[in-house]
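Trainee: Pasting protein-v9.txt here (compact mmCIF, C-alpha atoms):
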```txt
# COMPACT_ATOMS: atom_id res chain seq x y z
CA MET A 351 0.00 0.00 0.00
CA ILE A 352 1.28 3.47 -0.91
CA ARG A 353 1.17 6.08 1.89
CA PHE A 354 1.95 9.79 1.61
CA LEU A 355 3.59 11.15 4.76
CA LYS A 356 3.95 14.54 3.05
CA ARG A 357 2.33 15.98 -0.07
CA GLY A 358 3.02 19.00 -2.26
CA GLN A 359 0.81 21.69 -3.72
CA SER A 360 -2.38 20.82 -5.58
CA ALA A 361 -2.71 20.78 -9.35
CA ALA A 362 -5.13 23.73 -9.13
CA ALA A 363 -2.50 25.93 -7.50
CA HIS A 364 -0.04 25.05 -10.26
CA ALA A 365 -2.60 25.90 -12.96
CA ALA A 366 -3.32 29.36 -11.54
CA ALA A 367 0.37 30.24 -11.50
CA ASP A 368 0.86 28.91 -15.04
CA HIS A 369 -1.96 31.09 -16.38
CA GLN A 370 -0.33 34.29 -15.15
CA VAL A 371 3.06 33.33 -16.62
CA ARG A 372 1.49 32.45 -19.97
CA GLN A 373 -0.22 35.83 -20.32
CA THR A 374 2.91 37.76 -19.40
CA VAL A 375 5.02 35.89 -21.94
CA GLU A 376 2.45 36.31 -24.73
CA THR A 377 2.58 40.08 -24.26
CA LEU A 378 6.38 40.24 -24.25
CA LEU A 379 6.71 38.09 -27.38
CA ARG A 380 4.26 40.29 -29.29
CA GLU A 381 6.22 43.40 -28.34
CA ILE A 382 9.59 41.92 -29.27
CA GLU A 383 8.35 40.60 -32.60
CA ALA A 384 6.88 44.00 -33.47
CA GLU A 385 9.67 46.25 -32.21
CA GLY A 386 12.83 44.14 -32.26
CA ASP A 387 15.85 45.63 -30.51
CA ALA A 388 13.88 48.46 -28.91
CA ALA A 389 11.59 46.04 -27.06
CA VAL A 390 14.49 43.76 -26.13
CA ARG A 391 16.36 46.69 -24.60
CA ARG A 392 13.24 47.88 -22.75
CA CYS A 393 12.75 44.41 -21.24
CA SER A 394 16.41 44.16 -20.28
CA GLN A 395 16.25 47.52 -18.53
CA LYS A 396 13.03 46.60 -16.72
CA PHE A 397 13.81 43.07 -15.60
CA ASP A 398 17.61 43.04 -15.27
CA GLN A 399 18.51 46.73 -15.01
CA TRP A 400 20.93 46.01 -17.86
CA ASP A 401 21.46 48.47 -20.72
CA PRO A 402 24.87 47.99 -22.39
CA ALA A 403 25.91 49.64 -25.64
CA ASP A 404 25.75 46.20 -27.28
CA PHE A 405 24.39 42.93 -25.90
CA THR A 406 27.01 40.98 -27.89
CA LEU A 407 30.42 40.69 -26.29
CA THR A 408 33.47 41.61 -28.34
CA GLN A 409 36.50 39.34 -28.52
CA ALA A 410 38.34 41.74 -26.20
CA GLN A 411 35.53 41.56 -23.64
CA ILE A 412 35.55 37.76 -23.81
CA GLU A 413 39.31 37.63 -23.27
CA ALA A 414 39.02 40.05 -20.35
CA ALA A 415 36.39 37.83 -18.72
CA VAL A 416 38.55 34.73 -19.12
CA LYS A 417 41.48 36.51 -17.48
CA GLN A 418 39.40 37.13 -14.35
CA LEU A 419 39.40 33.40 -13.55
CA SER A 420 42.07 31.78 -11.43
CA PRO A 421 44.12 28.96 -12.97
CA ARG A 422 42.23 26.42 -10.83
CA GLU A 423 38.84 27.77 -11.97
CA THR A 424 39.92 27.56 -15.58
CA GLU A 425 41.28 24.04 -15.06
CA ASP A 426 38.04 22.86 -13.44
CA ILE A 427 35.89 24.26 -16.25
CA ARG A 428 38.10 22.58 -18.83
CA PHE A 429 38.02 19.29 -16.90
CA ALA A 430 34.22 19.29 -16.87
CA GLN A 431 34.09 20.14 -20.56
CA THR A 432 36.48 17.31 -21.37
CA GLN A 433 34.15 14.80 -19.70
CA ILE A 434 31.03 16.20 -21.40
CA ARG A 435 32.69 16.48 -24.82
CA HIS A 436 33.99 12.91 -24.59
CA PHE A 437 30.58 11.42 -23.79
CA ALA A 438 28.85 13.55 -26.44
CA GLN A 439 31.41 12.40 -29.02
CA LEU A 440 30.78 8.76 -28.06
CA GLN A 441 27.06 9.35 -28.57
CA ARG A 442 27.72 11.00 -31.94
CA ASP A 443 29.93 8.12 -33.02
CA SER A 444 27.12 5.67 -32.22
CA MET A 445 24.87 7.32 -34.83
CA ARG A 446 25.63 5.74 -38.20
CA GLU A 447 24.63 7.06 -41.56
CA ILE A 448 23.27 4.22 -43.70
CA GLU A 449 22.82 3.41 -47.36
CA VAL A 450 21.48 0.01 -48.34
CA GLU A 451 20.06 -1.68 -51.45
CA THR A 452 16.75 -2.92 -50.06
CA LEU A 453 15.59 -4.46 -53.36
CA PRO A 454 17.54 -5.01 -56.58
CA GLY A 455 18.04 -1.50 -57.96
CA VAL A 456 16.45 0.32 -54.99
CA VAL A 457 18.79 2.22 -52.67
CA LEU A 458 17.61 3.86 -49.42
CA GLY A 459 19.62 5.80 -46.90
CA HIS A 460 19.69 8.43 -44.24
CA LYS A 461 22.08 11.22 -43.30
CA HIS A 462 22.52 13.07 -40.00
CA ILE A 463 22.54 16.79 -40.80
CA PRO A 464 23.35 19.33 -38.06
CA VAL A 465 20.85 22.10 -37.38
CA GLY A 466 22.09 25.32 -38.99
CA ALA A 467 21.95 27.70 -36.03
CA VAL A 468 21.22 27.11 -32.33
CA GLY A 469 20.53 29.53 -29.50
CA CYS A 470 21.71 28.34 -26.08
CA TYR A 471 20.20 29.90 -22.96
CA VAL A 472 22.32 29.72 -19.81
CA PRO A 473 20.57 30.73 -16.56
CA GLY A 474 22.64 33.11 -14.48
CA GLY A 475 20.60 35.79 -12.76
CA LYS A 476 20.29 34.06 -9.37
CA TYR A 477 22.84 31.25 -9.67
CA PRO A 478 25.50 31.42 -12.42
CA LEU A 479 24.87 28.00 -13.98
CA ILE A 480 28.23 27.57 -15.66
CA ALA A 481 27.52 23.92 -16.45
CA SER A 482 24.60 24.81 -18.71
CA ALA A 483 27.08 26.32 -21.14
CA HIS A 484 28.89 23.00 -21.38
CA MET A 485 25.69 21.03 -21.82
CA SER A 486 24.27 23.14 -24.63
CA VAL A 487 27.05 24.94 -26.50
CA LEU A 488 29.60 22.16 -26.35
CA THR A 489 27.12 19.42 -27.27
CA ALA A 490 25.87 21.44 -30.24
CA LYS A 491 29.43 21.90 -31.45
CA VAL A 492 30.17 18.17 -31.15
CA ALA A 493 27.09 17.61 -33.31
CA GLY A 494 28.56 19.94 -35.94
CA VAL A 495 26.24 22.94 -35.62
CA PRO A 496 27.97 25.72 -37.60
CA ARG A 497 26.53 28.72 -35.70
CA VAL A 498 25.92 28.65 -31.95
CA VAL A 499 24.69 31.73 -30.12
CA ALA A 500 25.00 31.60 -26.32
CA THR A 501 23.34 33.98 -23.90
CA ALA A 502 23.12 34.50 -20.14
CA PRO A 503 21.70 37.34 -18.07
CA PRO A 504 24.01 39.71 -16.24
CA PHE A 505 25.06 38.60 -12.77
CA GLN A 506 25.15 41.40 -10.22
CA GLY A 507 25.27 44.00 -12.97
CA ALA A 508 27.96 42.50 -15.21
CA PRO A 509 28.73 39.48 -17.41
CA HIS A 510 29.66 36.55 -15.20
CA PRO A 511 33.29 35.75 -16.12
CA ALA A 512 33.01 31.99 -15.55
CA ILE A 513 29.88 31.71 -17.72
CA VAL A 514 31.54 33.72 -20.48
CA ALA A 515 34.67 31.58 -20.23
CA ALA A 516 32.64 28.35 -20.35
CA MET A 517 30.74 29.55 -23.42
CA HIS A 518 33.98 30.57 -25.09
CA PHE A 519 35.83 27.33 -24.29
CA ALA A 520 32.82 25.34 -25.52
CA GLY A 521 32.99 27.04 -28.92
CA ALA A 522 30.21 29.63 -28.97
CA ASP A 523 30.27 31.75 -32.11
CA GLN A 524 28.41 34.68 -30.53
CA ILE A 525 28.05 35.47 -26.82
CA LEU A 526 25.25 37.71 -25.58
CA VAL A 527 24.73 39.13 -22.12
CA LEU A 528 20.94 39.07 -22.14
CA GLY A 529 18.44 37.19 -20.02
CA GLY A 530 14.82 36.16 -19.70
CA VAL A 531 12.08 36.12 -22.29
CA GLN A 532 13.82 38.89 -24.20
CA ALA A 533 16.88 36.68 -24.77
CA VAL A 534 15.08 33.63 -26.16
CA ALA A 535 12.71 35.81 -28.19
CA ALA A 536 15.59 37.78 -29.73
CA MET A 537 17.36 34.58 -30.76
CA ALA A 538 14.24 32.85 -32.07
CA LEU A 539 12.58 35.77 -33.85
CA GLY A 540 15.66 37.78 -34.77
CA THR A 541 16.07 41.51 -34.30
CA GLN A 542 17.88 44.27 -36.12
CA SER A 543 21.13 43.24 -34.40
CA ILE A 544 20.66 39.52 -33.69
CA ALA A 545 20.20 37.03 -36.53
CA PRO A 546 17.56 34.36 -35.84
CA VAL A 547 18.40 30.76 -34.97
CA ASP A 548 16.69 27.51 -35.93
CA MET A 549 16.55 25.95 -32.47
CA LEU A 550 16.49 27.00 -28.81
CA VAL A 551 17.99 24.91 -26.02
CA GLY A 552 18.82 25.25 -22.36
CA PRO A 553 17.00 25.50 -19.03
CA GLY A 554 15.52 28.65 -17.49
CA ASN A 555 12.91 29.94 -15.09
CA GLN A 556 9.18 29.54 -15.73
CA TYR A 557 9.09 32.59 -18.00
CA VAL A 558 11.93 31.32 -20.18
CA ALA A 559 10.36 27.86 -20.32
CA GLU A 560 6.99 29.34 -21.31
CA ALA A 561 8.62 31.52 -23.98
CA LYS A 562 10.23 28.42 -25.49
CA ARG A 563 6.88 26.65 -25.41
CA GLN A 564 5.16 29.49 -27.24
CA LEU A 565 7.97 29.81 -29.79
CA TYR A 566 8.02 26.08 -30.54
CA GLY A 567 7.07 25.52 -34.15
CA ARG A 568 8.67 28.71 -35.33
CA VAL A 569 11.91 27.20 -34.02
CA GLY A 570 12.79 23.82 -32.63
CA ILE A 571 13.43 23.36 -28.92
CA ASP A 572 15.21 20.74 -26.85
CA LEU A 573 12.22 19.99 -24.61
CA PHE A 574 9.50 21.61 -22.51
CA ALA A 575 11.34 22.26 -19.26
CA GLY A 576 9.81 23.14 -15.92
CA PRO A 577 11.38 23.52 -12.48
CA THR A 578 14.12 21.09 -11.50
CA GLU A 579 12.77 17.81 -10.08
CA THR A 580 14.45 15.14 -8.02
CA LEU A 581 13.25 11.74 -6.81
CA VAL A 582 15.22 9.78 -4.23
CA ILE A 583 14.42 6.06 -4.15
CA ALA A 584 15.92 4.58 -1.00
CA ASP A 585 15.74 1.65 1.37
CA ASP A 586 17.28 1.22 4.81
CA SER A 587 20.72 0.54 3.34
CA VAL A 588 21.24 4.33 3.54
CA ASP A 589 20.45 6.90 6.22
CA GLY A 590 18.34 10.02 6.57
CA GLU A 591 21.31 12.38 6.28
CA MET A 592 22.21 11.20 2.78
CA CYS A 593 18.59 11.24 1.61
CA ALA A 594 18.08 14.75 2.99
CA VAL A 595 21.25 16.07 1.36
CA ASP A 596 20.18 14.71 -2.03
CA LEU A 597 16.68 16.16 -1.67
CA LEU A 598 17.76 19.63 -0.55
CA GLY A 599 20.62 19.71 -3.03
CA GLN A 600 18.02 20.00 -5.77
CA ALA A 601 15.31 21.85 -3.83
CA GLU A 602 17.66 24.84 -3.66
CA HIS A 603 17.23 25.35 -7.42
CA GLY A 604 14.05 27.34 -6.85
CA PRO A 605 10.90 27.65 -4.75
CA THR A 606 8.88 25.45 -7.12
CA SER A 607 11.34 22.54 -7.44
CA PRO A 608 9.77 19.22 -6.37
CA ALA A 609 11.91 16.94 -4.20
CA VAL A 610 10.40 13.53 -3.46
CA LEU A 611 11.49 10.65 -1.24
CA LEU A 612 10.19 7.22 -2.21
CA THR A 613 11.02 4.45 0.25
CA ASP A 614 9.91 1.11 1.64
CA SER A 615 11.15 2.05 5.10
CA GLU A 616 8.87 4.18 7.25
CA ALA A 617 11.73 4.61 9.74
CA LEU A 618 13.93 6.07 6.97
CA ALA A 619 11.07 8.34 5.88
CA HIS A 620 10.71 9.87 9.35
CA ALA A 621 14.48 10.09 9.82
CA THR A 622 14.82 11.91 6.50
CA MET A 623 12.08 14.43 7.32
CA ALA A 624 13.77 15.17 10.65
CA GLU A 625 17.14 15.51 8.94
CA VAL A 626 15.68 17.89 6.32
CA GLU A 627 14.53 20.19 9.12
CA ARG A 628 17.95 20.03 10.78
CA GLN A 629 19.79 20.82 7.56
CA LEU A 630 17.44 23.68 6.72
CA ARG A 631 18.68 25.43 9.87
CA ILE A 632 22.25 25.54 8.52
CA LEU A 633 21.99 25.40 4.71
CA PRO A 634 23.09 28.74 3.14
CA THR A 635 20.35 28.43 0.50
CA ALA A 636 17.71 27.46 3.05
CA ALA A 637 15.36 30.33 2.22
CA ILE A 638 14.71 28.86 -1.22
CA ALA A 639 15.03 25.19 -0.29
CA ARG A 640 12.64 25.57 2.67
CA GLN A 641 9.88 27.01 0.49
CA SER A 642 10.43 24.36 -2.16
CA TRP A 643 10.27 21.58 0.43
CA ALA A 644 7.22 23.05 2.16
CA ASP A 645 5.21 23.55 -1.04
CA HIS A 646 6.46 20.76 -3.31
CA GLY A 647 8.31 18.20 -1.20
CA GLU A 648 6.77 14.75 -0.82
CA VAL A 649 7.52 11.63 1.21
CA ILE A 650 5.97 8.39 -0.04
CA VAL A 651 6.19 5.03 1.72
CA CYS A 652 5.58 1.76 -0.13
CA ASP A 653 5.51 -1.85 1.02
CA THR A 654 7.59 -3.39 -1.79
CA ARG A 655 10.12 -2.39 -4.39
CA GLU A 656 7.54 -3.24 -7.06
CA GLU A 657 5.28 -0.57 -5.58
CA MET A 658 8.22 1.83 -5.54
CA LEU A 659 8.89 1.07 -9.21
CA ALA A 660 5.27 1.69 -10.21
CA GLU A 661 5.16 4.95 -8.27
CA ALA A 662 8.51 6.10 -9.70
CA ASP A 663 7.28 5.46 -13.25
CA ARG A 664 4.09 7.41 -12.47
CA ILE A 665 6.09 10.38 -11.19
CA ALA A 666 8.50 10.24 -14.18
CA SER A 667 10.98 12.54 -12.47
CA GLU A 668 13.76 14.49 -14.13
CA HIS A 669 16.46 13.17 -11.77
CA VAL A 670 16.18 9.81 -10.02
CA GLN A 671 18.70 8.95 -7.30
CA VAL A 672 18.52 5.21 -6.52
CA MET A 673 20.06 4.22 -3.20
CA THR A 674 18.94 0.67 -2.55
CA ARG A 675 20.67 -2.66 -2.07
CA GLU A 676 20.12 -3.51 -5.75
CA PRO A 677 20.06 -0.25 -7.70
CA ASP A 678 20.58 -2.06 -11.01
CA TRP A 679 17.12 -3.64 -10.57
CA PHE A 680 15.67 -0.18 -11.16
CA LEU A 681 17.99 0.36 -14.14
CA GLN A 682 16.68 -2.86 -15.67
CA ASN A 683 13.00 -2.22 -14.91
CA MET A 684 12.32 1.50 -14.69
CA ARG A 685 10.96 3.18 -17.82
CA ASN A 686 10.18 6.83 -17.04
CA TYR A 687 13.05 9.07 -15.92
CA GLY A 688 15.31 11.80 -17.23
CA ALA A 689 18.53 10.41 -15.76
CA LEU A 690 19.34 7.70 -13.22
CA PHE A 691 22.00 8.04 -10.54
CA LEU A 692 22.72 4.56 -9.25
CA GLY A 693 24.07 3.93 -5.76
CA PRO A 694 25.13 6.24 -2.94
CA ARG A 695 28.55 7.01 -4.48
CA THR A 696 27.00 9.12 -7.23
CA ASN A 697 24.43 11.89 -7.03
CA VAL A 698 22.53 14.41 -9.13
CA SER A 699 25.11 17.13 -8.55
CA PHE A 700 27.75 15.02 -10.35
CA GLY A 701 25.48 14.83 -13.37
CA ASP A 702 24.58 18.50 -13.14
CA LYS A 703 28.17 19.69 -13.18
CA VAL A 704 30.92 17.39 -14.32
CA ILE A 705 30.54 13.64 -14.78
CA GLY A 706 29.81 13.81 -18.52
CA THR A 707 26.12 13.13 -19.11
CA ASN A 708 23.87 16.03 -20.11
CA HIS A 709 21.91 17.81 -17.38
CA THR A 710 19.15 19.28 -19.58
CA LEU A 711 16.41 16.74 -18.90
CA PRO A 712 12.63 16.29 -19.19
CA THR A 713 10.34 17.59 -16.43
CA ASN A 714 6.59 17.71 -15.74
CA GLY A 715 6.15 14.04 -16.65
CA ALA A 716 7.74 14.41 -20.09
CA ALA A 717 10.09 11.53 -19.25
CA ARG A 718 7.16 9.31 -20.23
CA TYR A 719 7.89 10.10 -23.89
CA THR A 720 11.30 11.72 -24.26
CA GLY A 721 14.84 11.67 -22.99
CA GLY A 722 16.97 14.73 -22.38
CA LEU A 723 19.27 16.89 -24.45
CA TRP A 724 22.02 14.98 -26.23
CA VAL A 725 24.07 15.29 -29.37
CA GLY A 726 21.31 13.67 -31.43
CA LYS A 727 18.90 16.52 -30.65
CA PHE A 728 21.03 18.81 -32.80
CA LEU A 729 20.94 16.44 -35.78
CA LYS A 730 18.21 16.03 -38.37
CA THR A 731 18.02 12.45 -39.59
CA CYS A 732 16.98 12.89 -43.21
CA THR A 733 16.22 10.07 -45.61
CA TYR A 734 16.87 9.75 -49.33
CA GLN A 735 16.15 7.19 -52.03
CA ARG A 736 17.61 6.28 -55.39
CA VAL A 737 16.20 3.88 -58.03
CA LEU A 738 18.99 2.54 -60.24
CA THR A 739 17.28 0.35 -62.87
CA ASP A 740 14.29 0.44 -65.19
CA GLU A 741 13.13 -2.88 -63.77
CA ALA A 742 13.12 -1.60 -60.19
CA SER A 743 11.20 1.56 -61.12
CA ALA A 744 8.56 -0.46 -62.99
CA ARG A 745 8.23 -3.00 -60.19
CA ILE A 746 7.84 -0.40 -57.44
CA GLY A 747 5.64 1.71 -59.71
CA ALA A 748 3.09 -1.05 -60.35
CA VAL A 749 2.59 -1.70 -56.63
CA CYS A 750 2.50 2.03 -55.87
CA SER A 751 -0.13 2.55 -58.56
CA ARG A 752 -2.44 -0.05 -57.08
CA LEU A 753 -2.00 1.38 -53.57
CA CYS A 754 -2.83 4.88 -54.86
CA HIS A 755 -5.98 3.47 -56.44
CA MET A 756 -7.10 2.14 -53.04
CA GLU A 757 -6.69 5.65 -51.62
CA ASN A 758 -8.36 7.42 -54.60
CA PHE A 759 -5.21 9.45 -55.26
CA ALA A 760 -5.26 9.69 -59.05
CA GLY A 761 -2.41 12.20 -59.25
CA HIS A 762 -0.18 10.06 -57.08
CA GLY A 763 -1.14 7.09 -59.21
CA GLU A 764 -0.14 8.88 -62.39
CA GLN A 765 3.33 9.55 -60.93
CA ALA A 766 3.71 5.80 -60.55
CA ASN A 767 2.08 4.92 -63.89
CA LEU A 768 4.35 7.23 -65.84
CA ARG A 769 7.36 5.29 -64.53
CA VAL A 770 5.72 1.96 -65.35
CA ARG A 771 4.97 3.19 -68.85
CA ARG A 772 8.43 4.65 -69.43
CA TYR A 773 10.56 1.95 -67.86
CA GLY A 774 8.86 -1.27 -68.90
CA GLY A 775 5.56 -2.80 -67.90
CA GLN A 776 1.86 -2.19 -68.02
CA PRO A 777 -0.01 0.39 -65.94
CA GLY A 778 -1.45 -1.28 -62.91
CA LEU A 779 -4.90 0.32 -62.94
CA PRO A 780 -8.04 -0.30 -64.99
CA TRP A 781 -9.03 3.38 -64.61
CA TYR A 782 -5.79 4.67 -66.07
CA GLN A 783 -6.13 7.12 -68.96
CA PRO A 784 -2.89 8.31 -70.58
CA VAL A 785 -2.16 12.01 -70.22
CA PRO A 786 -1.75 13.64 -73.66
CA ALA A 787 1.84 14.56 -74.39
CA ALA A 788 2.69 18.26 -74.54
CA ASP A 789 3.15 19.64 -78.06
```
Any chance you could put this one into structure tokens?

Mentor:
Amino acid sequence: MIRFLKRGQSAAAHAAADHQVRQTVETLLREIEAEGDAAVRRCSQKFDQWDPADFTLTQAQIEAAVKQLSPRETEDIRFAQTQIRHFAQLQRDSMREIEVETLPGVVLGHKHIPVGAVGCYVPGGKYPLIASAHMSVLTAKVAGVPRVVATAPPFQGAPHPAIVAAMHFAGADQILVLGGVQAVAAMALGTQSIAPVDMLVGPGNQYVAEAKRQLYGRVGIDLFAGPTETLVIADDSVDGEMCAVDLLGQAEHGPTSPAVLLTDSEALAHATMAEVERQLRILPTAAIARQSWADHGEVIVCDTREEMLAEADRIASEHVQVMTREPDWFLQNMRNYGALFLGPRTNVSFGDKVIGTNHTLPTNGAARYTGGLWVGKFLKTCTYQRVLTDEASARIGAVCSRLCHMENFAGHGEQANLRVRRYGGQPGLPWYQPVPAAD
């Protein structure tokens, strides 16, 4: 039996907040599409108190930002990027282009073509999320994207040097200091000074996520991202301190970030809740984490691991930390998750920052139907076909003609019949009437 010792906010409360965000974003997008740079600058002044001569950094400004970092900071950024680049390259190498003769004289294939231009949003107004530059810019470059625009809001009134350095090291072709809806709208729609992109990627607050949702279709996006989510699946092989650390480590992302404990040990559940309260008294980011835990934290107790599995698949969390005696059982059986972190020696923070997998992952239940950002998201898998012989064209054409007849597509049927007639054979349809040749 599944028992909730703590529950989060209701769906109705979420819906009311979403409605307000949606209306605000609709208004801003209309203004930016109509006015371009003028509206972008007005939004930047209003929301970020940021009004530079140019939102695009010059090469000299980029170099100056890089020089602000200590050698250790630079080394750590490069170490993280090495891990992420290596795994992305392995993923890219796993994607084969194919060309095969499926029937005598019929050749089919597909190619992986990089998206032409990508806009990468890196959150940085509250926390400078340096790692998001690695995950988006670097992965796009491994995929072969020729033009990558990277943007982050100002941090305490200036470009954040570590974010700029990470974007630069990752290979960004243009670096903007611009945040919020105005940043993603400028990249997607284009302005007088910013050329439009074909795809938007990267996490952001609810306004950035909603802007991406509304722009989807005009540009591609990586996924519909909501607040960071974490699910800790644990049994009594671990203790309340470790569970609480892993819950609060993600709850600090923002006041709407769900953190959920799923366990088959009621003793561990109570110990974890007590430990959460203890840690909230000393955690530097407790103001945010406390609100997130109060409004969106949950503690769920199950009787068996099968119940835990079913509940985990229902939740379909972005991050799933598995700390049980047999974590690989969940790897083998779980279906709905953004990323799994197996065993107490790893954790979500490793994946967020450095270990090599991508941290841009599905939220709001989207793990039921999609994975996260990876090198393949930046590639269009496009098919082609080639018919080499008269015999193959006539053979395929006769079957195609009959299928078109079943669907009442006379024009489609004539495309097939012309090939049958030209390349050897009889038209496949009793209703066929030859089209008079042009004079």

Trainee: Counting all atoms listed in the file, which residue out of A:Ala520, A:Met673, A:Ala601, A:Met485 sits closest to Glu648 in chain A?

Mentor: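 Using all atoms listed in the file, Glu648 in chain A sits closest to A:Ala601.
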
Trainee: Could you tell me how far CA of Ala430 in chain A sits from CA of Thr635 in chain A, in Å to one decimal place?

Mentor: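 The value is 24.0 Å.
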
Trainee: Give as a list in words the set of residues within 9 Å of the point (21.6, 21.2, -23.9), where distances use the file's coordinates and all atoms listed in the file.

Mentor: Cys470, Tyr471, Ser482, Ala483, His484, Met485, Ser486, Val487, Leu488, Thr489, Ala490, Val551, Gly552, Pro553, Asp572, Asn708, His709, Thr710, Leu711, Gly722, Leu723, Trp724, Val725 and Lys727 of chain A

Trainee: Put those residues in a file: C-alpha atoms, as a CSV table (one decimal), in the frame of the given file.

Mentor:
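Generated file (part.csv):
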```
chain,number,residue,atom,x,y,z
A,470,CYS,CA,21.7,28.3,-26.1
A,471,TYR,CA,20.2,29.9,-23.0
A,482,SER,CA,24.6,24.8,-18.7
A,483,ALA,CA,27.1,26.3,-21.1
A,484,HIS,CA,28.9,23.0,-21.4
A,485,MET,CA,25.7,21.0,-21.8
A,486,SER,CA,24.3,23.1,-24.6
A,487,VAL,CA,27.0,24.9,-26.5
A,488,LEU,CA,29.6,22.2,-26.4
A,489,THR,CA,27.1,19.4,-27.3
A,490,ALA,CA,25.9,21.4,-30.2
A,551,VAL,CA,18.0,24.9,-26.0
A,552,GLY,CA,18.8,25.2,-22.4
A,553,PRO,CA,17.0,25.5,-19.0
A,572,ASP,CA,15.2,20.7,-26.8
A,708,ASN,CA,23.9,16.0,-20.1
A,709,HIS,CA,21.9,17.8,-17.4
A,710,THR,CA,19.2,19.3,-19.6
A,711,LEU,CA,16.4,16.7,-18.9
A,722,GLY,CA,17.0,14.7,-22.4
A,723,LEU,CA,19.3,16.9,-24.4
A,724,TRP,CA,22.0,15.0,-26.2
A,725,VAL,CA,24.1,15.3,-29.4
A,727,LYS,CA,18.9,16.5,-30.6
```

Trainee: Residues near Leu612 in chain A, anyone? I mean within 9 Å using only C-alpha atoms, not counting same-chain ones fewer than 5 positions away, as a list in words.

Mentor: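 Near Leu612 in chain A, the qualifying residues are Leu581, Val582, Ile583, Ala584, Asp585, Ala619, Glu648, Val649, Ile650, Val651, Cys652, Met658, Glu661 and Ala662 of chain A.
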
Trainee: Residues near Gln765 in chain A, anyone? I mean within 10 Å using all atoms listed in the file, not counting same-chain ones fewer than 4 positions away, as a PyMOL selection string.

Mentor: chain A and resi 747+750-751+754+760-761+769-770

Trainee: Mind checking which residues fall within 9 Å of range 638-645 of chain A, counting all atoms listed in the file, ignoring those fewer than 3 positions away in the same chain, and posting them as a list in words?

Mentor: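 The filter keeps Arg357, Gly358, Gln359, Leu597, Leu598, Gly599, Gln600, Ala601, Glu602, His603, Gly604, Pro605, Thr606, Ser607, Pro608, Ala609, Val610, Val626, Glu627, Leu630, Leu633, Thr635 and Glu648 of chain A.
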
Trainee: May I ask which of the residues A:Arg446, A:Arg428, A:His462, A:Arg655 is the closest one to Asn683 in chain A, counting all atoms listed in the file?

Mentor: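 Smallest separation from Asn683 in chain A among the options: A:Arg655.
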